[in-house]
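**Student:** Sharing entry-v4.txt (compact mmCIF, N, CA and C atoms) below.
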```
# COMPACT_ATOMS: atom_id res chain seq x y z
N MET A 16 -175.24 19.12 71.46
CA MET A 16 -175.33 19.66 72.80
C MET A 16 -176.60 19.13 73.46
N SER A 17 -176.51 18.66 74.70
CA SER A 17 -177.68 18.10 75.38
C SER A 17 -178.56 19.22 75.92
N ALA A 18 -179.81 18.88 76.20
CA ALA A 18 -180.77 19.85 76.72
C ALA A 18 -180.30 20.39 78.07
N LEU A 19 -179.59 19.56 78.85
CA LEU A 19 -179.12 20.02 80.15
C LEU A 19 -178.09 21.12 80.01
N GLN A 20 -177.33 21.12 78.93
CA GLN A 20 -176.34 22.17 78.72
C GLN A 20 -176.99 23.44 78.19
N MET A 21 -178.15 23.33 77.57
CA MET A 21 -178.82 24.47 76.95
C MET A 21 -179.76 25.19 77.89
N LEU A 22 -180.32 24.49 78.87
CA LEU A 22 -181.36 25.08 79.71
C LEU A 22 -181.22 24.60 81.15
N ASN A 23 -181.31 25.55 82.07
CA ASN A 23 -181.38 25.23 83.49
C ASN A 23 -182.74 25.65 84.02
N VAL A 24 -183.26 24.85 84.94
CA VAL A 24 -184.57 25.09 85.53
C VAL A 24 -184.39 25.24 87.03
N TYR A 25 -184.87 26.35 87.57
CA TYR A 25 -184.79 26.63 89.00
C TYR A 25 -186.21 26.78 89.52
N ARG A 26 -186.45 26.26 90.73
CA ARG A 26 -187.81 26.31 91.28
C ARG A 26 -187.77 26.73 92.74
N HIS A 27 -188.71 27.62 93.08
CA HIS A 27 -188.89 28.03 94.47
C HIS A 27 -190.38 28.07 94.75
N ASP A 28 -190.83 27.35 95.77
CA ASP A 28 -192.25 27.26 96.12
C ASP A 28 -192.58 28.05 97.38
N THR A 29 -193.78 28.59 97.41
CA THR A 29 -194.37 29.14 98.62
C THR A 29 -195.82 28.71 98.63
N ARG A 30 -196.14 27.79 99.51
CA ARG A 30 -197.49 27.22 99.64
C ARG A 30 -198.00 26.67 98.32
N SER A 31 -199.01 27.29 97.72
CA SER A 31 -199.57 26.76 96.48
C SER A 31 -199.10 27.56 95.26
N ARG A 32 -197.98 28.26 95.40
CA ARG A 32 -197.44 29.08 94.31
C ARG A 32 -195.97 28.71 94.08
N ALA A 33 -195.55 28.72 92.82
CA ALA A 33 -194.16 28.41 92.49
C ALA A 33 -193.60 29.46 91.54
N LEU A 34 -192.33 29.74 91.73
CA LEU A 34 -191.58 30.57 90.80
C LEU A 34 -190.61 29.63 90.09
N ILE A 35 -190.77 29.53 88.78
CA ILE A 35 -189.87 28.75 87.95
C ILE A 35 -189.02 29.75 87.18
N THR A 36 -187.71 29.68 87.33
CA THR A 36 -186.81 30.53 86.57
C THR A 36 -186.10 29.64 85.56
N LEU A 37 -186.20 30.01 84.31
CA LEU A 37 -185.54 29.26 83.24
C LEU A 37 -184.35 30.07 82.76
N ALA A 38 -183.23 29.40 82.51
CA ALA A 38 -182.02 30.08 82.05
C ALA A 38 -181.41 29.31 80.89
N GLY A 39 -181.24 29.99 79.78
CA GLY A 39 -180.65 29.37 78.60
C GLY A 39 -181.56 29.48 77.40
N GLU A 40 -181.58 28.44 76.57
CA GLU A 40 -182.38 28.44 75.35
C GLU A 40 -183.50 27.42 75.44
N ILE A 41 -184.68 27.83 74.97
CA ILE A 41 -185.83 26.93 74.93
C ILE A 41 -186.14 26.68 73.46
N ASP A 42 -185.98 25.42 73.06
CA ASP A 42 -186.25 25.03 71.68
C ASP A 42 -186.78 23.61 71.67
N GLN A 43 -186.79 23.00 70.51
CA GLN A 43 -187.35 21.65 70.35
C GLN A 43 -186.67 20.64 71.28
N VAL A 44 -185.40 20.80 71.54
CA VAL A 44 -184.66 19.86 72.38
C VAL A 44 -184.96 20.10 73.87
N SER A 45 -185.00 21.34 74.30
CA SER A 45 -185.15 21.65 75.73
C SER A 45 -186.59 21.88 76.18
N ALA A 46 -187.52 22.08 75.25
CA ALA A 46 -188.91 22.32 75.63
C ALA A 46 -189.51 21.19 76.48
N PRO A 47 -189.16 19.92 76.26
CA PRO A 47 -189.70 18.87 77.14
C PRO A 47 -189.29 19.07 78.61
N LEU A 48 -188.11 19.65 78.87
CA LEU A 48 -187.72 19.95 80.25
C LEU A 48 -188.63 21.00 80.86
N VAL A 49 -189.00 21.99 80.06
CA VAL A 49 -189.93 23.03 80.52
C VAL A 49 -191.27 22.39 80.85
N SER A 50 -191.78 21.58 79.95
CA SER A 50 -193.06 20.90 80.18
C SER A 50 -193.03 20.06 81.44
N GLU A 51 -191.95 19.30 81.61
CA GLU A 51 -191.82 18.45 82.78
C GLU A 51 -191.83 19.26 84.08
N ALA A 52 -191.10 20.36 84.10
CA ALA A 52 -191.02 21.19 85.29
C ALA A 52 -192.39 21.79 85.64
N LEU A 53 -193.10 22.28 84.62
CA LEU A 53 -194.40 22.90 84.87
C LEU A 53 -195.44 21.86 85.27
N GLU A 54 -195.43 20.72 84.61
CA GLU A 54 -196.39 19.66 84.95
C GLU A 54 -196.13 19.11 86.35
N ARG A 55 -194.86 19.02 86.74
CA ARG A 55 -194.53 18.54 88.08
C ARG A 55 -195.13 19.46 89.14
N CYS A 56 -195.06 20.76 88.90
CA CYS A 56 -195.68 21.71 89.84
C CYS A 56 -197.16 21.40 90.02
N LEU A 57 -197.85 21.23 88.91
CA LEU A 57 -199.30 20.96 88.97
C LEU A 57 -199.59 19.63 89.67
N CYS A 58 -198.78 18.61 89.39
CA CYS A 58 -198.97 17.31 90.03
C CYS A 58 -198.73 17.37 91.54
N GLU A 59 -197.89 18.31 91.97
CA GLU A 59 -197.59 18.46 93.39
C GLU A 59 -198.52 19.45 94.10
N GLY A 60 -199.59 19.86 93.43
CA GLY A 60 -200.57 20.72 94.06
C GLY A 60 -200.36 22.21 93.90
N ILE A 61 -199.33 22.61 93.18
CA ILE A 61 -199.09 24.03 92.92
C ILE A 61 -200.14 24.48 91.91
N ARG A 62 -200.82 25.57 92.20
CA ARG A 62 -201.87 26.05 91.30
C ARG A 62 -201.53 27.36 90.61
N THR A 63 -200.60 28.12 91.16
CA THR A 63 -200.18 29.37 90.54
C THR A 63 -198.70 29.26 90.23
N ILE A 64 -198.38 29.37 88.95
CA ILE A 64 -197.00 29.22 88.50
C ILE A 64 -196.57 30.51 87.81
N ASP A 65 -195.52 31.10 88.33
CA ASP A 65 -194.90 32.27 87.71
C ASP A 65 -193.61 31.80 87.07
N VAL A 66 -193.42 32.14 85.80
CA VAL A 66 -192.23 31.72 85.07
C VAL A 66 -191.40 32.96 84.74
N ASP A 67 -190.23 33.05 85.35
CA ASP A 67 -189.32 34.16 85.09
C ASP A 67 -188.41 33.76 83.94
N LEU A 68 -188.49 34.53 82.86
CA LEU A 68 -187.72 34.24 81.66
C LEU A 68 -186.56 35.22 81.47
N THR A 69 -186.23 35.98 82.49
CA THR A 69 -185.16 36.97 82.37
C THR A 69 -183.87 36.37 81.82
N PRO A 70 -183.41 35.19 82.32
CA PRO A 70 -182.15 34.64 81.80
C PRO A 70 -182.29 33.82 80.51
N VAL A 71 -183.47 33.80 79.90
CA VAL A 71 -183.66 33.03 78.66
C VAL A 71 -183.16 33.87 77.49
N THR A 72 -182.30 33.27 76.69
CA THR A 72 -181.72 33.98 75.55
C THR A 72 -182.45 33.71 74.24
N PHE A 73 -183.24 32.63 74.19
CA PHE A 73 -183.96 32.27 72.96
C PHE A 73 -185.13 31.38 73.33
N CYS A 74 -186.25 31.58 72.64
CA CYS A 74 -187.41 30.70 72.82
C CYS A 74 -188.15 30.63 71.50
N ASP A 75 -188.38 29.41 71.01
CA ASP A 75 -189.11 29.25 69.75
C ASP A 75 -190.52 28.72 70.02
N CYS A 76 -191.20 28.30 68.97
CA CYS A 76 -192.59 27.86 69.12
C CYS A 76 -192.71 26.58 69.95
N SER A 77 -191.65 25.81 70.09
CA SER A 77 -191.69 24.63 70.97
C SER A 77 -191.89 25.07 72.41
N GLY A 78 -191.20 26.14 72.80
CA GLY A 78 -191.39 26.70 74.14
C GLY A 78 -192.79 27.26 74.31
N LEU A 79 -193.28 27.96 73.29
CA LEU A 79 -194.64 28.49 73.35
C LEU A 79 -195.63 27.36 73.57
N ASN A 80 -195.48 26.27 72.84
CA ASN A 80 -196.39 25.13 73.00
C ASN A 80 -196.33 24.57 74.42
N ALA A 81 -195.14 24.49 74.99
CA ALA A 81 -195.01 23.99 76.37
C ALA A 81 -195.74 24.92 77.34
N PHE A 82 -195.58 26.23 77.16
CA PHE A 82 -196.25 27.19 78.04
C PHE A 82 -197.77 27.14 77.87
N LEU A 83 -198.24 27.05 76.63
CA LEU A 83 -199.69 27.00 76.39
C LEU A 83 -200.31 25.74 76.98
N ARG A 84 -199.63 24.61 76.81
CA ARG A 84 -200.13 23.34 77.36
C ARG A 84 -200.22 23.42 78.88
N ALA A 85 -199.16 23.94 79.52
CA ALA A 85 -199.15 24.06 80.97
C ALA A 85 -200.20 25.06 81.45
N ALA A 86 -200.37 26.16 80.72
CA ALA A 86 -201.40 27.14 81.09
C ALA A 86 -202.78 26.51 81.03
N HIS A 87 -203.02 25.72 79.98
CA HIS A 87 -204.32 25.03 79.86
C HIS A 87 -204.54 24.09 81.05
N HIS A 88 -203.53 23.32 81.41
CA HIS A 88 -203.65 22.40 82.54
C HIS A 88 -203.83 23.17 83.86
N ALA A 89 -203.12 24.27 84.01
CA ALA A 89 -203.25 25.07 85.24
C ALA A 89 -204.66 25.65 85.36
N ILE A 90 -205.20 26.16 84.27
CA ILE A 90 -206.55 26.72 84.29
C ILE A 90 -207.56 25.62 84.60
N ALA A 91 -207.39 24.45 84.00
CA ALA A 91 -208.30 23.33 84.25
C ALA A 91 -208.27 22.90 85.72
N ALA A 92 -207.11 23.12 86.38
CA ALA A 92 -206.98 22.75 87.79
C ALA A 92 -207.37 23.91 88.72
N GLY A 93 -207.86 25.00 88.14
CA GLY A 93 -208.28 26.14 88.95
C GLY A 93 -207.16 27.10 89.27
N GLY A 94 -206.08 27.04 88.50
CA GLY A 94 -204.93 27.90 88.76
C GLY A 94 -204.60 28.80 87.58
N ALA A 95 -203.35 29.22 87.54
CA ALA A 95 -202.90 30.11 86.47
C ALA A 95 -201.41 29.98 86.27
N LEU A 96 -200.98 30.28 85.05
CA LEU A 96 -199.56 30.33 84.71
C LEU A 96 -199.30 31.68 84.07
N SER A 97 -198.27 32.37 84.53
CA SER A 97 -197.92 33.68 83.98
C SER A 97 -196.44 33.72 83.63
N LEU A 98 -196.15 34.25 82.45
CA LEU A 98 -194.76 34.45 82.02
C LEU A 98 -194.34 35.87 82.38
N HIS A 99 -193.10 36.01 82.81
CA HIS A 99 -192.55 37.31 83.18
C HIS A 99 -191.23 37.52 82.46
N HIS A 100 -191.05 38.69 81.88
CA HIS A 100 -189.81 39.11 81.21
C HIS A 100 -189.41 38.17 80.06
N PRO A 101 -190.32 37.95 79.10
CA PRO A 101 -189.97 37.07 77.98
C PRO A 101 -188.90 37.68 77.09
N PRO A 102 -188.07 36.84 76.46
CA PRO A 102 -187.06 37.35 75.53
C PRO A 102 -187.74 37.86 74.26
N PRO A 103 -187.04 38.69 73.49
CA PRO A 103 -187.64 39.26 72.26
C PRO A 103 -188.18 38.21 71.29
N THR A 104 -187.52 37.06 71.18
CA THR A 104 -188.02 36.03 70.26
C THR A 104 -189.39 35.54 70.69
N LEU A 105 -189.61 35.38 71.99
CA LEU A 105 -190.90 34.92 72.47
C LEU A 105 -191.95 36.03 72.37
N VAL A 106 -191.56 37.26 72.63
CA VAL A 106 -192.50 38.38 72.49
C VAL A 106 -193.02 38.42 71.05
N ARG A 107 -192.13 38.22 70.10
CA ARG A 107 -192.53 38.23 68.69
C ARG A 107 -193.53 37.11 68.41
N ILE A 108 -193.26 35.92 68.91
CA ILE A 108 -194.17 34.79 68.70
C ILE A 108 -195.51 35.05 69.38
N LEU A 109 -195.49 35.58 70.60
CA LEU A 109 -196.73 35.89 71.31
C LEU A 109 -197.55 36.93 70.54
N THR A 110 -196.88 37.91 69.97
CA THR A 110 -197.56 38.94 69.19
C THR A 110 -198.18 38.35 67.93
N LEU A 111 -197.41 37.55 67.22
CA LEU A 111 -197.90 36.95 65.97
C LEU A 111 -199.06 35.99 66.19
N THR A 112 -199.02 35.25 67.31
CA THR A 112 -200.05 34.24 67.57
C THR A 112 -201.23 34.78 68.37
N GLY A 113 -201.08 35.96 68.94
CA GLY A 113 -202.16 36.53 69.74
C GLY A 113 -202.32 35.87 71.11
N THR A 114 -201.30 35.17 71.57
CA THR A 114 -201.41 34.45 72.84
C THR A 114 -200.85 35.22 74.04
N GLY A 115 -200.37 36.44 73.80
CA GLY A 115 -199.84 37.25 74.89
C GLY A 115 -200.81 37.42 76.05
N PRO A 116 -202.09 37.76 75.78
CA PRO A 116 -203.02 37.95 76.89
C PRO A 116 -203.20 36.69 77.76
N LEU A 117 -203.09 35.53 77.17
CA LEU A 117 -203.25 34.29 77.93
C LEU A 117 -202.04 34.02 78.82
N LEU A 118 -200.84 34.22 78.29
CA LEU A 118 -199.64 33.84 79.02
C LEU A 118 -199.00 34.97 79.82
N LEU A 119 -199.26 36.21 79.43
CA LEU A 119 -198.64 37.33 80.14
C LEU A 119 -199.59 37.96 81.15
N GLY A 120 -200.81 37.47 81.21
CA GLY A 120 -201.75 37.96 82.20
C GLY A 120 -202.39 39.29 81.87
N PHE A 121 -202.43 39.66 80.59
CA PHE A 121 -203.08 40.89 80.20
C PHE A 121 -204.58 40.66 80.10
N PRO A 122 -205.37 41.71 80.19
CA PRO A 122 -206.81 41.57 79.97
C PRO A 122 -207.08 41.06 78.56
N ASP A 123 -208.19 40.39 78.41
CA ASP A 123 -208.61 39.90 77.10
C ASP A 123 -208.89 41.10 76.20
N PRO A 124 -208.22 41.21 75.05
CA PRO A 124 -208.43 42.36 74.18
C PRO A 124 -209.86 42.44 73.67
N ALA A 125 -210.57 41.33 73.64
CA ALA A 125 -211.95 41.36 73.17
C ALA A 125 -212.87 42.04 74.18
N THR A 126 -212.45 42.09 75.46
CA THR A 126 -213.32 42.66 76.48
C THR A 126 -212.81 43.98 77.03
N SER A 127 -211.65 44.43 76.58
CA SER A 127 -211.13 45.71 77.06
C SER A 127 -210.64 46.54 75.89
N PRO A 128 -210.75 47.86 76.01
CA PRO A 128 -210.30 48.70 74.91
C PRO A 128 -208.78 48.63 74.77
N PRO A 129 -208.26 48.70 73.54
CA PRO A 129 -206.81 48.64 73.36
C PRO A 129 -206.13 49.90 73.89
N GLY A 130 -204.98 49.68 74.51
CA GLY A 130 -204.17 50.80 74.97
C GLY A 130 -203.29 51.28 73.84
N PRO A 131 -202.48 52.30 74.09
CA PRO A 131 -201.60 52.81 73.02
C PRO A 131 -200.62 51.76 72.51
N GLU A 132 -200.15 50.85 73.40
CA GLU A 132 -199.21 49.83 72.96
C GLU A 132 -199.87 48.86 71.98
N GLU A 133 -201.11 48.44 72.31
CA GLU A 133 -201.80 47.50 71.43
C GLU A 133 -202.14 48.15 70.10
N GLN A 134 -202.48 49.45 70.12
CA GLN A 134 -202.80 50.13 68.89
C GLN A 134 -201.58 50.20 67.99
N ALA A 135 -200.42 50.27 68.58
CA ALA A 135 -199.19 50.33 67.79
C ALA A 135 -198.75 48.94 67.31
N GLY A 136 -199.46 47.87 67.76
CA GLY A 136 -199.16 46.52 67.31
C GLY A 136 -198.11 45.80 68.14
N SER A 137 -197.78 46.28 69.33
CA SER A 137 -196.82 45.59 70.17
C SER A 137 -197.43 45.29 71.52
N LEU A 138 -196.84 44.36 72.22
CA LEU A 138 -197.33 43.99 73.53
C LEU A 138 -196.82 44.95 74.59
N PRO A 139 -197.66 45.30 75.59
CA PRO A 139 -197.16 46.12 76.69
C PRO A 139 -196.20 45.30 77.54
N ALA A 140 -195.43 46.00 78.37
CA ALA A 140 -194.48 45.33 79.25
C ALA A 140 -195.22 44.40 80.20
N PRO A 141 -194.69 43.20 80.46
CA PRO A 141 -195.35 42.28 81.38
C PRO A 141 -195.30 42.81 82.80
N ARG A 142 -196.26 42.32 83.59
CA ARG A 142 -196.26 42.68 85.00
C ARG A 142 -195.02 42.11 85.66
N PRO A 143 -194.49 42.77 86.70
CA PRO A 143 -193.31 42.23 87.38
C PRO A 143 -193.65 40.90 88.06
N ALA A 144 -192.67 40.03 88.13
CA ALA A 144 -192.85 38.76 88.81
C ALA A 144 -193.01 39.02 90.31
N PRO A 145 -193.86 38.24 90.96
CA PRO A 145 -193.99 38.40 92.41
C PRO A 145 -192.68 38.08 93.11
N THR A 146 -192.49 38.65 94.27
CA THR A 146 -191.26 38.38 95.02
C THR A 146 -191.43 37.12 95.85
N TYR A 147 -190.38 36.37 95.95
CA TYR A 147 -190.34 35.14 96.72
C TYR A 147 -189.14 35.22 97.64
N GLY A 148 -189.31 34.73 98.86
CA GLY A 148 -188.16 34.64 99.75
C GLY A 148 -187.26 33.52 99.28
N VAL A 149 -185.99 33.79 99.13
CA VAL A 149 -185.05 32.78 98.65
C VAL A 149 -184.00 32.56 99.72
N THR A 150 -183.77 31.31 100.03
CA THR A 150 -182.72 30.98 100.98
C THR A 150 -181.40 30.90 100.25
N GLY A 151 -180.32 31.08 100.97
CA GLY A 151 -179.00 31.04 100.34
C GLY A 151 -178.51 32.44 100.05
N ARG A 152 -177.50 32.53 99.21
CA ARG A 152 -176.92 33.84 98.89
C ARG A 152 -177.86 34.61 97.98
N PRO A 153 -178.12 35.89 98.29
CA PRO A 153 -178.99 36.69 97.44
C PRO A 153 -178.40 36.83 96.04
N GLY A 154 -179.27 36.76 95.05
CA GLY A 154 -178.86 36.98 93.68
C GLY A 154 -178.17 35.81 93.02
N VAL A 155 -178.03 34.68 93.71
CA VAL A 155 -177.36 33.52 93.14
C VAL A 155 -178.40 32.43 92.92
N LEU A 156 -178.54 32.00 91.69
CA LEU A 156 -179.47 30.92 91.38
C LEU A 156 -178.75 29.59 91.51
N ALA A 157 -179.44 28.62 92.08
CA ALA A 157 -178.89 27.29 92.18
C ALA A 157 -179.89 26.32 91.55
N PRO A 158 -179.42 25.34 90.78
CA PRO A 158 -180.36 24.40 90.17
C PRO A 158 -181.22 23.72 91.22
N ALA A 159 -182.46 23.43 90.84
CA ALA A 159 -183.40 22.76 91.74
C ALA A 159 -182.96 21.34 92.06
N ALA A 160 -182.17 20.75 91.18
CA ALA A 160 -181.67 19.39 91.40
C ALA A 160 -180.41 19.22 90.56
N PRO A 161 -179.62 18.20 90.84
CA PRO A 161 -178.42 17.98 90.02
C PRO A 161 -178.78 17.89 88.55
N GLY A 162 -177.94 18.45 87.72
CA GLY A 162 -178.19 18.43 86.28
C GLY A 162 -178.98 19.61 85.79
N GLY A 163 -179.40 20.48 86.70
CA GLY A 163 -180.09 21.69 86.29
C GLY A 163 -181.56 21.56 86.09
N VAL A 164 -182.16 20.40 86.41
CA VAL A 164 -183.61 20.25 86.26
C VAL A 164 -184.21 19.91 87.60
N LEU A 165 -185.51 20.02 87.65
CA LEU A 165 -186.23 19.74 88.91
C LEU A 165 -186.07 18.32 89.33
```
Output the file's structure in the form of structure tokens.

**Tutor:**
Amino acid sequence: MSALQMLNVYRHDTRSRALITLAGEIDQVSAPLVSEALERCLCEGIRTIDVDLTPVTFCDCSGLNAFLRAAHHAIAAGGALSLHHPPPTLVRILTLTGTGPLLLGFPDPATSPPGPEEQAGSLPAPRPAPTYGVTGRPGVLAPAAPGGVL
């Protein structure tokens, strides 16, 4: 199965901010599409990237690496990358690696007291994704370009 069949990438920009919605599975085969979409945003001057993962059914460490690399590049460019509504597989990886605060926009645990969720060993719910005006039919996602990629 090709990466295009496994993952769709949708993009909506407002000034220097972008909402990237990923739908499908993120793994070793499709993670390069994620990297390409996020890097393209940065190359085009987007500095704040929100990634909606609501329609993602699976994400492994390849996806985590793509998100961490893009977050590093966004921070270096004076911006930020935030993940919203990660699937359970990614939440587990974020918990095990301790990278949740970097990608989900939580305060640094080293500088803030742990809340009840952190004390229990799980990540708190991510902040809601910002709202973006979308043209077209409400509630219907359309690929950013033919083939489902940017």

**Student:** If I put a ball of radius 6 Å at (-196.2, 31.6, 78.5) in the file's coordinates, which residues poke into it when counting only N, CA and C atoms, written as a PyMOL selection string?

**Tutor:** chain A and resi 82-83+97-98+118-119

**Student:** Which residue is closest to Ala38 (chain A)? Choose from A:Glu59, A:Leu68, A:Glu54, A:Val106 and count all atoms listed in the file.

**Tutor:**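 Result for the nearest residue to Ala38 (chain A): A:Leu68.
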
**Student:** In Å, with one decimal, what is the gap from atom C of Leu79 (chain A) to atom C of Arg26 (chain A)?

**Tutor:**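 Taking atom C of Leu79 (chain A) as the start and atom C of Arg26 (chain A) as the end point, the length is 20.7 Å.
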
**Student:** Tell me which residues come within 6 Å of (-188.2, 30.5, 89.9), as a list of chain:residue names, counting all atoms listed in the file in the file's coordinates.

**Tutor:**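 It turns out the residues near that spot are A:Tyr25, A:Arg26, A:His27, A:Ala33, A:Leu34, A:Ile35, A:Thr36, A:Leu37, A:Asp67.
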
**Student:** Let's have the selection written as a PDB file, in the frame of the given file, with N, CA and C atoms.

**Tutor:**
```pdb
ATOM      1  N   TYR A  25    -184.870  26.350  87.570  1.00  0.00           N
ATOM      2  CA  TYR A  25    -184.790  26.630  89.000  1.00  0.00           C
ATOM      3  C   TYR A  25    -186.210  26.780  89.520  1.00  0.00           C
ATOM      4  N   ARG A  26    -186.450  26.260  90.730  1.00  0.00           N
ATOM      5  CA  ARG A  26    -187.810  26.310  91.280  1.00  0.00           C
ATOM      6  C   ARG A  26    -187.770  26.730  92.740  1.00  0.00           C
ATOM      7  N   HIS A  27    -188.710  27.620  93.080  1.00  0.00           N
ATOM      8  CA  HIS A  27    -188.890  28.030  94.470  1.00  0.00           C
ATOM      9  C   HIS A  27    -190.380  28.070  94.750  1.00  0.00           C
ATOM     10  N   ALA A  33    -195.550  28.720  92.820  1.00  0.00           N
ATOM     11  CA  ALA A  33    -194.160  28.410  92.490  1.00  0.00           C
ATOM     12  C   ALA A  33    -193.600  29.460  91.540  1.00  0.00           C
ATOM     13  N   LEU A  34    -192.330  29.740  91.730  1.00  0.00           N
ATOM     14  CA  LEU A  34    -191.580  30.570  90.800  1.00  0.00           C
ATOM     15  C   LEU A  34    -190.610  29.630  90.090  1.00  0.00           C
ATOM     16  N   ILE A  35    -190.770  29.530  88.780  1.00  0.00           N
ATOM     17  CA  ILE A  35    -189.870  28.750  87.950  1.00  0.00           C
ATOM     18  C   ILE A  35    -189.020  29.750  87.180  1.00  0.00           C
ATOM     19  N   THR A  36    -187.710  29.680  87.330  1.00  0.00           N
ATOM     20  CA  THR A  36    -186.810  30.530  86.570  1.00  0.00           C
ATOM     21  C   THR A  36    -186.100  29.640  85.560  1.00  0.00           C
ATOM     22  N   LEU A  37    -186.200  30.010  84.310  1.00  0.00           N
ATOM     23  CA  LEU A  37    -185.540  29.260  83.240  1.00  0.00           C
ATOM     24  C   LEU A  37    -184.350  30.070  82.760  1.00  0.00           C
ATOM     25  N   ASP A  67    -190.230  33.050  85.350  1.00  0.00           N
ATOM     26  CA  ASP A  67    -189.320  34.160  85.090  1.00  0.00           C
ATOM     27  C   ASP A  67    -188.410  33.760  83.940  1.00  0.00           C
TER      28      ASP A  67
END
```

**Student:** Between A:Thr112, A:Ser77, A:Thr63, A:Thr72, which has the minimum distance to Met21 (chain A) (counting only C-alpha atoms)?

**Tutor:**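 Looking at the shortest contact to Met21 (chain A), the residue is A:Thr72.
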
**Student:** Here is a test: counting only C-alpha atoms, which residue of A:Thr69, A:Thr104, A:Gln43, A:Thr29 is nearest to Cys56 (chain A)?

**Tutor:**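 Between A:Thr69, A:Thr104, A:Gln43, A:Thr29, the residue approaching Cys56 (chain A) most closely is A:Thr29.
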
**Student:** Could you state the separation of atom C of Leu105 (chain A) and CA of His87 (chain A) in Å, given to one decimal place?

**Tutor:**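 For atom C of Leu105 (chain A) relative to CA of His87 (chain A), the distance reads 18.2 Å.
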
**Student:** Do a neighbour search on Ile61 (chain A) at 7 Å with all atoms listed in the file, toss out local chain neighbours closer than 5 positions, and write the hits as an mmCIF file with N, CA and C atoms, in the frame of the given file.

**Tutor:**
```cif
data_model
loop_
_atom_site.group_PDB
_atom_site.id
_atom_site.type_symbol
_atom_site.label_atom_id
_atom_site.label_comp_id
_atom_site.auth_asym_id
_atom_site.auth_seq_id
_atom_site.Cartn_x
_atom_site.Cartn_y
_atom_site.Cartn_z
ATOM 1 N N ARG A 30 -196.140 27.790 99.510
ATOM 2 C CA ARG A 30 -197.490 27.220 99.640
ATOM 3 C C ARG A 30 -198.000 26.670 98.320
ATOM 4 N N SER A 31 -199.010 27.290 97.720
ATOM 5 C CA SER A 31 -199.570 26.760 96.480
ATOM 6 C C SER A 31 -199.100 27.560 95.260
ATOM 7 N N ARG A 32 -197.980 28.260 95.400
ATOM 8 C CA ARG A 32 -197.440 29.080 94.310
ATOM 9 C C ARG A 32 -195.970 28.710 94.080
ATOM 10 N N ALA A 33 -195.550 28.720 92.820
ATOM 11 C CA ALA A 33 -194.160 28.410 92.490
ATOM 12 C C ALA A 33 -193.600 29.460 91.540
ATOM 13 N N ARG A 55 -194.860 19.020 86.740
ATOM 14 C CA ARG A 55 -194.530 18.540 88.080
ATOM 15 C C ARG A 55 -195.130 19.460 89.140
ATOM 16 N N CYS A 56 -195.060 20.760 88.900
ATOM 17 C CA CYS A 56 -195.680 21.710 89.840
ATOM 18 C C CYS A 56 -197.160 21.400 90.020
ATOM 19 N N GLY A 94 -206.080 27.040 88.500
ATOM 20 C CA GLY A 94 -204.930 27.900 88.760
ATOM 21 C C GLY A 94 -204.600 28.800 87.580
#
```

**Student:** For atom N of Ser50 (chain A) and atom N of Ala81 (chain A), determine how far apart the two atoms are, in Å to one decimal place.

**Tutor:**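 We find that atom N of Ser50 (chain A) and atom N of Ala81 (chain A) lie 6.7 Å from each other.
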
**Student:** For a quick check of understanding, using only N, CA and C atoms, which of A:Asp65, A:Leu57, A:Leu111, A:Pro102 has the smallest distance to Ala89 (chain A)?

**Tutor:**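 Under the stated criterion, the closest residue is A:Leu57.
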
**Student:** Hey, what does DSSP flag as strand (DSSP E or B) within region 22-80 of chain A? Can you give it to me as a list in words?

**Tutor:**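 Across region 22-80 of chain A, those assigned strand (DSSP E or B) are Leu22, Asn23, Val24, Tyr25, Arg26, His27, Asp28, Thr29, Arg32, Ala33, Leu34, Ile35, Thr36, Leu37, Ala38, Gly39, Glu40, Ile41, Thr63, Ile64, Asp65, Val66, Asp67, Val71, Thr72, Phe73 and Cys74 of chain A.
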